[in-house]
>>> print(open('entry-v3.cif').read())   # mmCIF, C-alpha atoms and all ligand atoms
data_my_file
#
loop_
_atom_site.group_PDB
_atom_site.id
_atom_site.type_symbol
_atom_site.label_atom_id
_atom_site.label_comp_id
_atom_site.auth_asym_id
_atom_site.auth_seq_id
_atom_site.Cartn_x
_atom_site.Cartn_y
_atom_site.Cartn_z
ATOM 1 C CA MET A 1 75.414 92.474 102.394
ATOM 2 C CA ASN A 2 75.846 93.486 106.034
ATOM 3 C CA ASN A 3 74.480 91.026 108.569
ATOM 4 C CA LYS A 4 72.445 92.617 111.337
ATOM 5 C CA GLY A 5 74.684 93.106 114.393
ATOM 6 C CA LEU A 6 74.416 90.846 117.425
ATOM 7 C CA LEU A 7 72.507 91.973 120.491
ATOM 8 C CA LEU A 8 74.582 90.885 123.480
ATOM 9 C CA VAL A 9 72.851 91.169 126.851
ATOM 10 C CA VAL A 10 75.257 91.097 129.797
ATOM 11 C CA SER A 11 73.996 90.789 133.385
ATOM 12 C CA GLY A 12 75.487 89.941 136.741
ATOM 13 C CA PRO A 13 75.337 91.233 140.303
ATOM 14 C CA SER A 14 76.512 94.732 141.088
ATOM 15 C CA GLY A 15 80.271 94.751 141.717
ATOM 16 C CA VAL A 16 81.009 91.498 139.839
ATOM 17 C CA GLY A 17 83.057 93.454 137.301
ATOM 18 C CA LYS A 18 80.724 93.793 134.286
ATOM 19 C CA GLY A 19 81.899 97.318 133.512
ATOM 20 C CA THR A 20 85.558 96.409 133.906
ATOM 21 C CA VAL A 21 85.319 93.299 131.717
ATOM 22 C CA LEU A 22 83.296 95.066 129.027
ATOM 23 C CA LYS A 23 85.800 97.917 128.875
ATOM 24 C CA GLU A 24 88.533 95.342 128.230
ATOM 25 C CA PHE A 25 86.375 93.550 125.648
ATOM 26 C CA LEU A 26 85.554 96.778 123.780
ATOM 27 C CA LYS A 27 89.266 97.631 123.435
ATOM 28 C CA THR A 28 89.701 94.764 120.982
ATOM 29 C CA ASN A 29 86.252 94.809 119.379
ATOM 30 C CA PRO A 30 85.852 97.891 117.190
ATOM 31 C CA ASN A 31 82.643 96.454 115.725
ATOM 32 C CA ALA A 32 80.952 96.403 119.153
ATOM 33 C CA VAL A 33 79.198 99.390 120.689
ATOM 34 C CA TYR A 34 78.038 99.928 124.254
ATOM 35 C CA SER A 35 74.435 100.989 124.704
ATOM 36 C CA VAL A 36 74.331 103.926 127.128
ATOM 37 C CA SER A 37 71.338 103.462 129.440
ATOM 38 C CA ALA A 38 69.030 106.058 130.900
ATOM 39 C CA THR A 39 68.846 106.205 134.703
ATOM 40 C CA THR A 40 67.392 108.257 137.515
ATOM 41 C CA ARG A 41 70.279 107.490 139.907
ATOM 42 C CA SER A 42 72.885 110.169 140.604
ATOM 43 C CA PRO A 43 76.257 110.091 138.848
ATOM 44 C CA ARG A 44 79.167 108.542 140.776
ATOM 45 C CA PRO A 45 82.399 110.544 140.914
ATOM 46 C CA GLY A 46 83.935 110.500 137.437
ATOM 47 C CA GLU A 47 80.763 109.406 135.637
ATOM 48 C CA LYS A 48 79.819 111.590 132.669
ATOM 49 C CA ASN A 49 76.366 112.252 131.296
ATOM 50 C CA GLY A 50 75.948 110.616 127.878
ATOM 51 C CA VAL A 51 79.049 108.438 128.374
ATOM 52 C CA HIS A 52 78.286 106.215 131.365
ATOM 53 C CA TYR A 53 74.550 106.930 131.515
ATOM 54 C CA HIS A 54 71.990 109.429 130.327
ATOM 55 C CA PHE A 55 71.225 110.829 133.776
ATOM 56 C CA MET A 56 67.690 112.161 134.091
ATOM 57 C CA SER A 57 64.889 112.996 136.515
ATOM 58 C CA LYS A 58 62.084 110.547 137.273
ATOM 59 C CA GLU A 59 59.696 112.765 135.262
ATOM 60 C CA GLU A 60 61.968 112.662 132.215
ATOM 61 C CA PHE A 61 62.315 108.884 132.538
ATOM 62 C CA LEU A 62 58.559 108.350 132.773
ATOM 63 C CA HIS A 63 58.115 110.555 129.713
ATOM 64 C CA LEU A 64 60.617 108.380 127.797
ATOM 65 C CA ILE A 65 58.611 105.257 128.698
ATOM 66 C CA GLN A 66 55.398 106.960 127.575
ATOM 67 C CA GLN A 67 56.981 107.778 124.204
ATOM 68 C CA ASP A 68 57.863 104.075 123.800
ATOM 69 C CA GLY A 69 61.484 105.215 123.822
ATOM 70 C CA VAL A 70 62.905 102.294 125.812
ATOM 71 C CA LEU A 71 63.426 98.691 124.715
ATOM 72 C CA GLU A 72 63.193 97.589 128.365
ATOM 73 C CA TYR A 73 63.332 99.136 131.806
ATOM 74 C CA ALA A 74 63.403 98.149 135.452
ATOM 75 C CA VAL A 75 63.488 99.607 138.918
ATOM 76 C CA TYR A 76 66.703 98.622 140.675
ATOM 77 C CA SER A 77 67.760 99.786 144.127
ATOM 78 C CA ASP A 78 65.007 102.492 144.119
ATOM 79 C CA HIS A 79 65.994 103.926 140.713
ATOM 80 C CA TYR A 80 64.790 103.533 137.145
ATOM 81 C CA TYR A 81 67.156 102.122 134.509
ATOM 82 C CA GLY A 82 66.299 101.630 130.823
ATOM 83 C CA THR A 83 67.720 101.003 127.354
ATOM 84 C CA PRO A 84 67.008 103.698 124.735
ATOM 85 C CA ARG A 85 65.428 101.813 121.832
ATOM 86 C CA GLU A 86 66.514 103.946 118.853
ATOM 87 C CA PHE A 87 70.280 103.547 119.351
ATOM 88 C CA VAL A 88 70.031 99.748 119.554
ATOM 89 C CA ASN A 89 67.970 99.488 116.360
ATOM 90 C CA GLN A 90 70.136 101.898 114.370
ATOM 91 C CA MET A 91 73.427 100.275 115.353
ATOM 92 C CA ARG A 92 72.243 96.736 114.680
ATOM 93 C CA GLU A 93 70.938 97.776 111.261
ATOM 94 C CA GLN A 94 74.435 99.117 110.488
ATOM 95 C CA GLY A 95 75.899 95.712 111.388
ATOM 96 C CA LYS A 96 77.331 96.824 114.740
ATOM 97 C CA ASP A 97 77.183 94.426 117.697
ATOM 98 C CA VAL A 98 75.347 96.122 120.551
ATOM 99 C CA ILE A 99 76.145 95.419 124.208
ATOM 100 C CA LEU A 100 73.440 95.928 126.823
ATOM 101 C CA GLU A 101 74.744 95.873 130.389
ATOM 102 C CA ILE A 102 71.472 95.442 132.239
ATOM 103 C CA GLU A 103 70.009 93.683 135.269
ATOM 104 C CA VAL A 104 67.961 90.482 135.184
ATOM 105 C CA GLN A 105 64.368 91.833 135.013
ATOM 106 C CA GLY A 106 65.270 93.981 132.006
ATOM 107 C CA ALA A 107 67.162 91.111 130.374
ATOM 108 C CA MET A 108 64.061 88.919 130.575
ATOM 109 C CA GLN A 109 62.036 91.659 128.822
ATOM 110 C CA VAL A 110 64.623 91.667 126.017
ATOM 111 C CA LYS A 111 64.297 87.878 125.810
ATOM 112 C CA GLN A 112 60.588 88.289 125.051
ATOM 113 C CA LYS A 113 61.072 91.075 122.514
ATOM 114 C CA CYS A 114 64.292 90.005 120.762
ATOM 115 C CA PRO A 115 64.489 86.224 120.456
ATOM 116 C CA ASP A 116 67.774 86.499 118.533
ATOM 117 C CA ALA A 117 69.603 88.227 121.424
ATOM 118 C CA VAL A 118 72.468 86.421 123.196
ATOM 119 C CA PHE A 119 72.397 86.313 127.002
ATOM 120 C CA VAL A 120 75.555 86.294 129.100
ATOM 121 C CA PHE A 121 75.702 86.206 132.897
ATOM 122 C CA VAL A 122 78.888 87.301 134.669
ATOM 123 C CA MET A 123 79.554 85.286 137.843
ATOM 124 C CA PRO A 124 82.028 86.019 140.630
ATOM 125 C CA PRO A 125 84.411 83.164 141.491
ATOM 126 C CA SER A 126 82.745 83.172 144.961
ATOM 127 C CA TYR A 127 80.228 85.190 146.990
ATOM 128 C CA GLN A 128 82.995 86.466 149.261
ATOM 129 C CA VAL A 129 84.882 87.854 146.252
ATOM 130 C CA LEU A 130 81.724 89.677 145.171
ATOM 131 C CA LYS A 131 81.358 91.256 148.639
ATOM 132 C CA ASP A 132 85.014 92.320 148.597
ATOM 133 C CA ARG A 133 84.779 93.852 145.106
ATOM 134 C CA LEU A 134 81.593 95.735 145.868
ATOM 135 C CA SER A 135 82.942 97.282 149.070
ATOM 136 C CA GLY A 136 86.433 97.676 147.561
ATOM 137 C CA ARG A 137 85.068 99.860 144.754
ATOM 138 C CA GLY A 138 84.278 102.441 147.416
ATOM 139 C CA THR A 139 81.489 104.140 145.460
ATOM 140 C CA GLU A 140 78.514 103.159 147.648
ATOM 141 C CA ASP A 141 77.704 103.649 151.327
ATOM 142 C CA GLU A 142 77.116 100.688 153.722
ATOM 143 C CA LYS A 143 73.326 100.821 153.311
ATOM 144 C CA THR A 144 73.508 100.709 149.504
ATOM 145 C CA ILE A 145 76.068 97.894 149.605
ATOM 146 C CA THR A 146 73.769 95.798 151.830
ATOM 147 C CA LYS A 147 70.850 96.463 149.479
ATOM 148 C CA ARG A 148 72.924 95.471 146.436
ATOM 149 C CA LEU A 149 74.174 92.292 148.105
ATOM 150 C CA THR A 150 70.580 91.290 148.858
ATOM 151 C CA ALA A 151 69.659 91.920 145.209
ATOM 152 C CA ALA A 152 72.760 89.919 144.192
ATOM 153 C CA LYS A 153 71.441 86.757 145.871
ATOM 154 C CA SER A 154 68.244 86.778 143.826
ATOM 155 C CA GLU A 155 70.115 87.745 140.630
ATOM 156 C CA LEU A 156 72.642 84.918 141.032
ATOM 157 C CA SER A 157 69.781 82.454 141.400
ATOM 158 C CA ARG A 158 68.565 83.409 137.897
ATOM 159 C CA ALA A 159 71.855 82.730 136.124
ATOM 160 C CA GLU A 160 70.396 79.566 134.577
ATOM 161 C CA GLN A 161 68.090 81.671 132.420
ATOM 162 C CA TYR A 162 71.132 82.849 130.416
ATOM 163 C CA ASP A 163 72.835 81.211 127.408
ATOM 164 C CA TYR A 164 76.387 81.613 128.704
ATOM 165 C CA ILE A 165 78.088 82.006 132.082
ATOM 166 C CA VAL A 166 81.349 83.947 132.237
ATOM 167 C CA VAL A 167 83.285 83.694 135.502
ATOM 168 C CA ASN A 168 85.181 86.902 136.192
ATOM 169 C CA ASP A 169 88.198 85.562 138.042
ATOM 170 C CA GLN A 170 90.663 87.662 136.024
ATOM 171 C CA VAL A 171 89.608 90.551 133.810
ATOM 172 C CA GLU A 172 91.623 89.464 130.741
ATOM 173 C CA LYS A 173 90.372 85.879 130.955
ATOM 174 C CA ALA A 174 86.751 86.974 131.326
ATOM 175 C CA ALA A 175 87.070 89.354 128.342
ATOM 176 C CA TRP A 176 88.621 86.525 126.328
ATOM 177 C CA ARG A 177 85.623 84.280 127.197
ATOM 178 C CA LEU A 178 83.274 87.013 126.004
ATOM 179 C CA ASN A 179 85.267 87.239 122.783
ATOM 180 C CA ALA A 180 84.923 83.489 122.302
ATOM 181 C CA ILE A 181 81.139 83.750 122.730
ATOM 182 C CA VAL A 182 80.856 86.524 120.137
ATOM 183 C CA THR A 183 83.052 84.587 117.704
ATOM 184 C CA ALA A 184 80.973 81.424 118.150
ATOM 185 C CA GLU A 185 77.693 83.324 117.695
ATOM 186 C CA LYS A 186 79.001 84.867 114.462
ATOM 187 C CA CYS A 187 79.928 81.422 113.115
ATOM 188 C CA LYS A 188 76.390 80.113 113.609
ATOM 189 C CA MET A 189 74.796 78.896 110.418
ATOM 190 C CA ASN A 190 72.029 81.503 110.532
ATOM 191 C CA GLN A 191 74.610 84.301 110.500
ATOM 192 C CA MET A 192 76.421 82.663 107.575
ATOM 193 C CA LYS A 193 73.593 82.168 105.068
ATOM 194 C CA GLN A 194 74.887 84.935 102.801
ATOM 195 C CA VAL A 195 78.401 83.442 102.776
ATOM 196 C CA ILE A 196 77.013 80.022 101.842
ATOM 197 C CA LYS A 197 74.941 81.595 99.069
ATOM 198 C CA GLU A 198 77.911 83.528 97.660
ATOM 199 C CA VAL A 199 80.184 80.486 97.622
ATOM 200 C CA LEU A 200 77.545 78.371 95.876
ATOM 201 C CA GLN A 201 76.912 81.078 93.276
ATOM 202 C CA TYR A 202 80.150 80.447 91.309
ATOM 203 C CA ASP A 203 81.365 77.429 89.381
HETATM 204 P P1 LIG A 301 79.986 96.149 137.968
HETATM 205 O O1 LIG A 301 80.051 96.926 136.670
HETATM 206 O O2 LIG A 301 79.609 94.713 137.740
HETATM 207 O O3 LIG A 301 79.137 96.792 139.022
HETATM 208 P P2 LIG A 301 82.773 96.991 138.276
HETATM 209 O O4 LIG A 301 83.286 96.786 136.880
HETATM 210 O O5 LIG A 301 82.517 98.408 138.718
HETATM 211 O O6 LIG A 301 81.483 96.081 138.566
HETATM 212 O O7 LIG A 301 83.830 96.295 139.262
HETATM 213 C C1 LIG A 301 83.675 96.342 140.684
HETATM 214 C C2 LIG A 301 85.062 96.410 141.335
HETATM 215 O O8 LIG A 301 85.747 95.168 141.156
HETATM 216 C C3 LIG A 301 85.965 97.490 140.736
HETATM 217 O O9 LIG A 301 86.705 98.098 141.789
HETATM 218 C C4 LIG A 301 86.865 96.713 139.782
HETATM 219 O O10 LIG A 301 88.122 97.339 139.607
HETATM 220 C C5 LIG A 301 87.014 95.370 140.501
HETATM 221 N N1 LIG A 301 87.191 94.211 139.583
HETATM 222 C C6 LIG A 301 86.490 93.917 138.469
HETATM 223 N N2 LIG A 301 86.903 92.749 137.919
HETATM 224 C C7 LIG A 301 87.908 92.282 138.719
HETATM 225 C C8 LIG A 301 88.750 91.114 138.702
HETATM 226 N N3 LIG A 301 88.647 90.176 137.748
HETATM 227 N N4 LIG A 301 89.668 90.979 139.689
HETATM 228 C C9 LIG A 301 89.778 91.912 140.673
HETATM 229 N N5 LIG A 301 89.018 93.038 140.754
HETATM 230 C C10 LIG A 301 88.081 93.227 139.794
HETATM 231 P P1 LIG A 302 74.741 100.733 138.585
HETATM 232 O O1 LIG A 302 73.920 101.667 139.426
HETATM 233 O O2 LIG A 302 75.703 99.910 139.414
HETATM 234 O O3 LIG A 302 75.420 101.431 137.433
HETATM 235 O O4 LIG A 302 73.723 99.700 137.923
HETATM 236 C C1 LIG A 302 72.860 98.944 138.725
HETATM 237 C C2 LIG A 302 72.277 97.806 137.912
HETATM 238 O O5 LIG A 302 71.444 98.338 136.864
HETATM 239 C C3 LIG A 302 73.342 96.935 137.227
HETATM 240 O O6 LIG A 302 72.977 95.574 137.388
HETATM 241 C C4 LIG A 302 73.241 97.352 135.775
HETATM 242 O O7 LIG A 302 73.612 96.301 134.900
HETATM 243 C C5 LIG A 302 71.758 97.665 135.656
HETATM 244 N N1 LIG A 302 71.416 98.517 134.520
HETATM 245 C C6 LIG A 302 72.161 99.495 133.947
HETATM 246 N N2 LIG A 302 71.521 100.009 132.892
HETATM 247 C C7 LIG A 302 70.347 99.326 132.774
HETATM 248 C C8 LIG A 302 69.254 99.378 131.853
HETATM 249 O O8 LIG A 302 69.209 100.138 130.889
HETATM 250 N N3 LIG A 302 68.217 98.533 132.078
HETATM 251 C C9 LIG A 302 68.201 97.645 133.109
HETATM 252 N N4 LIG A 302 67.149 96.847 133.221
HETATM 253 N N5 LIG A 302 69.221 97.566 133.993
HETATM 254 C C10 LIG A 302 70.275 98.387 133.823
#
>>> encode(input="entry-v3.cif", output="structure tokens")
Amino acid sequence: MNNKGLLLVVSGPSGVGKGTVLKEFLKTNPNAVYSVSATTRSPRPGEKNGVHYHFMSKEEFLHLIQQDGVLEYAVYSDHYYGTPREFVNQMREQGKDVILEIEVQGAMQVKQKCPDAVFVFVMPPSYQVLKDRLSGRGTEDEKTITKRLTAAKSELSRAEQYDYIVVNDQVEKAAWRLNAIVTAEKCKMNQMKQVIKEVLQYD
């Protein structure tokens, strides 16, 4: 029997390195899939529709909400972001671990709806490092960076609502910590009931 896949919710302030760490994590985790979100923000250079996000208009996004097509959604930095529901359900049923890279308001909605989800918050080693990474990425203008740093303060203050904190000092170390979390979650007794049953079945 296939166990249902884990639902791993990963949050952290913009620029902390969530995308970078998850990319590293996914390289060595063929059973994990990344949930591609819907958003109304414009693509950054190099971002592809359907790969990084499903880019859509506000009207299309509102229609998706109306159809009950999103597991959660939030407005962040003047744009809508949401998790398409169908993909998450299908993948988990197939035993795949699903990664949601979403901000805090959305994560708290998932907490209400999916009590079995695992919540991970990615922290920078310091606030200054976060500032440097966000401006160093070079994908946002000054105004957007200031807005995101303001949002970061309130997001960082909600880290205690998560199950695990992963400090992203070095990408490989942070990905390794994420691996350790997934391994530990899979060893939990609830995930192992079938194994226990099978072992007990034989003399
Ligand atoms: P997020 O997805 O959280 O917004 P990104 O993954 O885009 O953040 O990373 C923001 C910037 O920080 C990128 O330029 C990335 O290369 C860099 N970065 C990410 N993790 C580290 C790290 N551990 N050390 C140094 N730079 C990093
Ligand atoms: P960015 O514009 O930098 O790609 O994302 C901005 C913020 O939106 C990040 O914190 C990211 O994790 C979050 N985000 C991305 N997709 C979703 C989503 O589907 N739902 C929610 N609630 N937040 C999301």
>>> axis_aligned_box(input="entry-v3.cif", around="ligand LIG 301 (chain A)", padding_each_side="3 Å", output="AutoDock Vina command-line options")
--center_x 84.5 --center_y 94.3 --center_z 139.2 --size_x 16.6 --size_y 14.2 --size_z 11.1
>>> resolve_selection(input="entry-v3.cif", expression="the PyMOL selection byres (((not hetatm)) within 8 of (chain A and resi 302))", output="compact mmCIF listing (two decimals) with C-alpha atoms, in the frame of the given file")
# COMPACT_ATOMS: atom_id res chain seq x y z
CA VAL A 10 75.26 91.10 129.80
CA SER A 11 74.00 90.79 133.38
CA GLY A 12 75.49 89.94 136.74
CA PRO A 13 75.34 91.23 140.30
CA SER A 14 76.51 94.73 141.09
CA GLY A 15 80.27 94.75 141.72
CA LYS A 18 80.72 93.79 134.29
CA VAL A 36 74.33 103.93 127.13
CA SER A 37 71.34 103.46 129.44
CA ALA A 38 69.03 106.06 130.90
CA THR A 39 68.85 106.20 134.70
CA ARG A 41 70.28 107.49 139.91
CA TYR A 53 74.55 106.93 131.51
CA GLU A 72 63.19 97.59 128.36
CA TYR A 73 63.33 99.14 131.81
CA ALA A 74 63.40 98.15 135.45
CA VAL A 75 63.49 99.61 138.92
CA TYR A 76 66.70 98.62 140.68
CA SER A 77 67.76 99.79 144.13
CA TYR A 80 64.79 103.53 137.15
CA TYR A 81 67.16 102.12 134.51
CA GLY A 82 66.30 101.63 130.82
CA THR A 83 67.72 101.00 127.35
CA PRO A 84 67.01 103.70 124.74
CA LEU A 100 73.44 95.93 126.82
CA GLU A 101 74.74 95.87 130.39
CA ILE A 102 71.47 95.44 132.24
CA GLU A 103 70.01 93.68 135.27
CA VAL A 104 67.96 90.48 135.18
CA GLN A 105 64.37 91.83 135.01
CA GLY A 106 65.27 93.98 132.01
CA ALA A 107 67.16 91.11 130.37
>>> resolve_selection(input="entry-v3.cif", expression="the PyMOL selection byres (((chain A and resi 98) around 8) and not hetatm)", output="number ranges by chain")
A: 5-8, 32-35, 88, 91-92, 96-97, 99-100
>>> resolve_selection(input="entry-v3.cif", expression="the PyMOL selection byres (((not hetatm)) within 7 of (chain A and resi 301))", output="list in words")
Gly12, Pro13, Ser14, Gly15, Val16, Gly17, Lys18, Gly19, Thr20, Val21, Arg133, Leu134, Gly136, Arg137, Asn168, Asp169, Gln170 and Val171 of chain A
>>> closest_residue(input="entry-v3.cif", among="A:Lys147, A:Arg44, A:His79, A:Lys153", to="Leu62 in chain A", atoms="all atoms listed in the file")
A:His79
>>> atom_distance(input="entry-v3.cif", atom1="CA of Ile145 in chain A", atom2="CA of Gln161 in chain A")
24.9 Å
>>> closest_residue(input="entry-v3.cif", among="A:Ser42, A:Glu160, A:Arg148, A:Asn29", to="Ala180 in chain A", atoms="only C-alpha atoms")
A:Asn29
>>> closest_residue(input="entry-v3.cif", among="A:Gln201, A:Leu71, A:Asn89, A:Thr144", to="Lys113 in chain A", atoms="all atoms listed in the file")
A:Leu71
>>> atom_distance(input="entry-v3.cif", atom1="CA of Ala175 in chain A", atom2="CA of Leu22 in chain A")
6.9 Å
>>> closest_residue(input="entry-v3.cif", among="A:Val9, A:Val51, A:Met189, A:Ser135", to="Tyr164 in chain A", atoms="all atoms listed in the file")
A:Val9
>>> atom_distance(input="entry-v3.cif", atom1="CA of Val70 in chain A", atom2="CA of Arg85 in chain A")
4.7 Å
>>> closest_residue(input="entry-v3.cif", among="A:Val122, A:Val110, A:Val129, A:Ala117", to="Val182 in chain A", atoms="all atoms listed in the file")
A:Ala117
>>> closest_residue(input="entry-v3.cif", among="A:Val195, A:Leu26, A:Met108, A:Leu64", to="Tyr162 in chain A", atoms="all atoms listed in the file")
A:Met108
>>> residues_around(input="entry-v3.cif", residues="Pro43 in chain A", least_positions_apart="2", cutoff="12 Å", atoms="all atoms listed in the file", output="list in words")
Ala38, Thr39, Thr40, Arg41, Pro45, Gly46, Glu47, Lys48, Asn49, Gly50, Val51, His52, Tyr53, His54, Phe55, Met56, Ser57, Thr139 and Glu140 of chain A
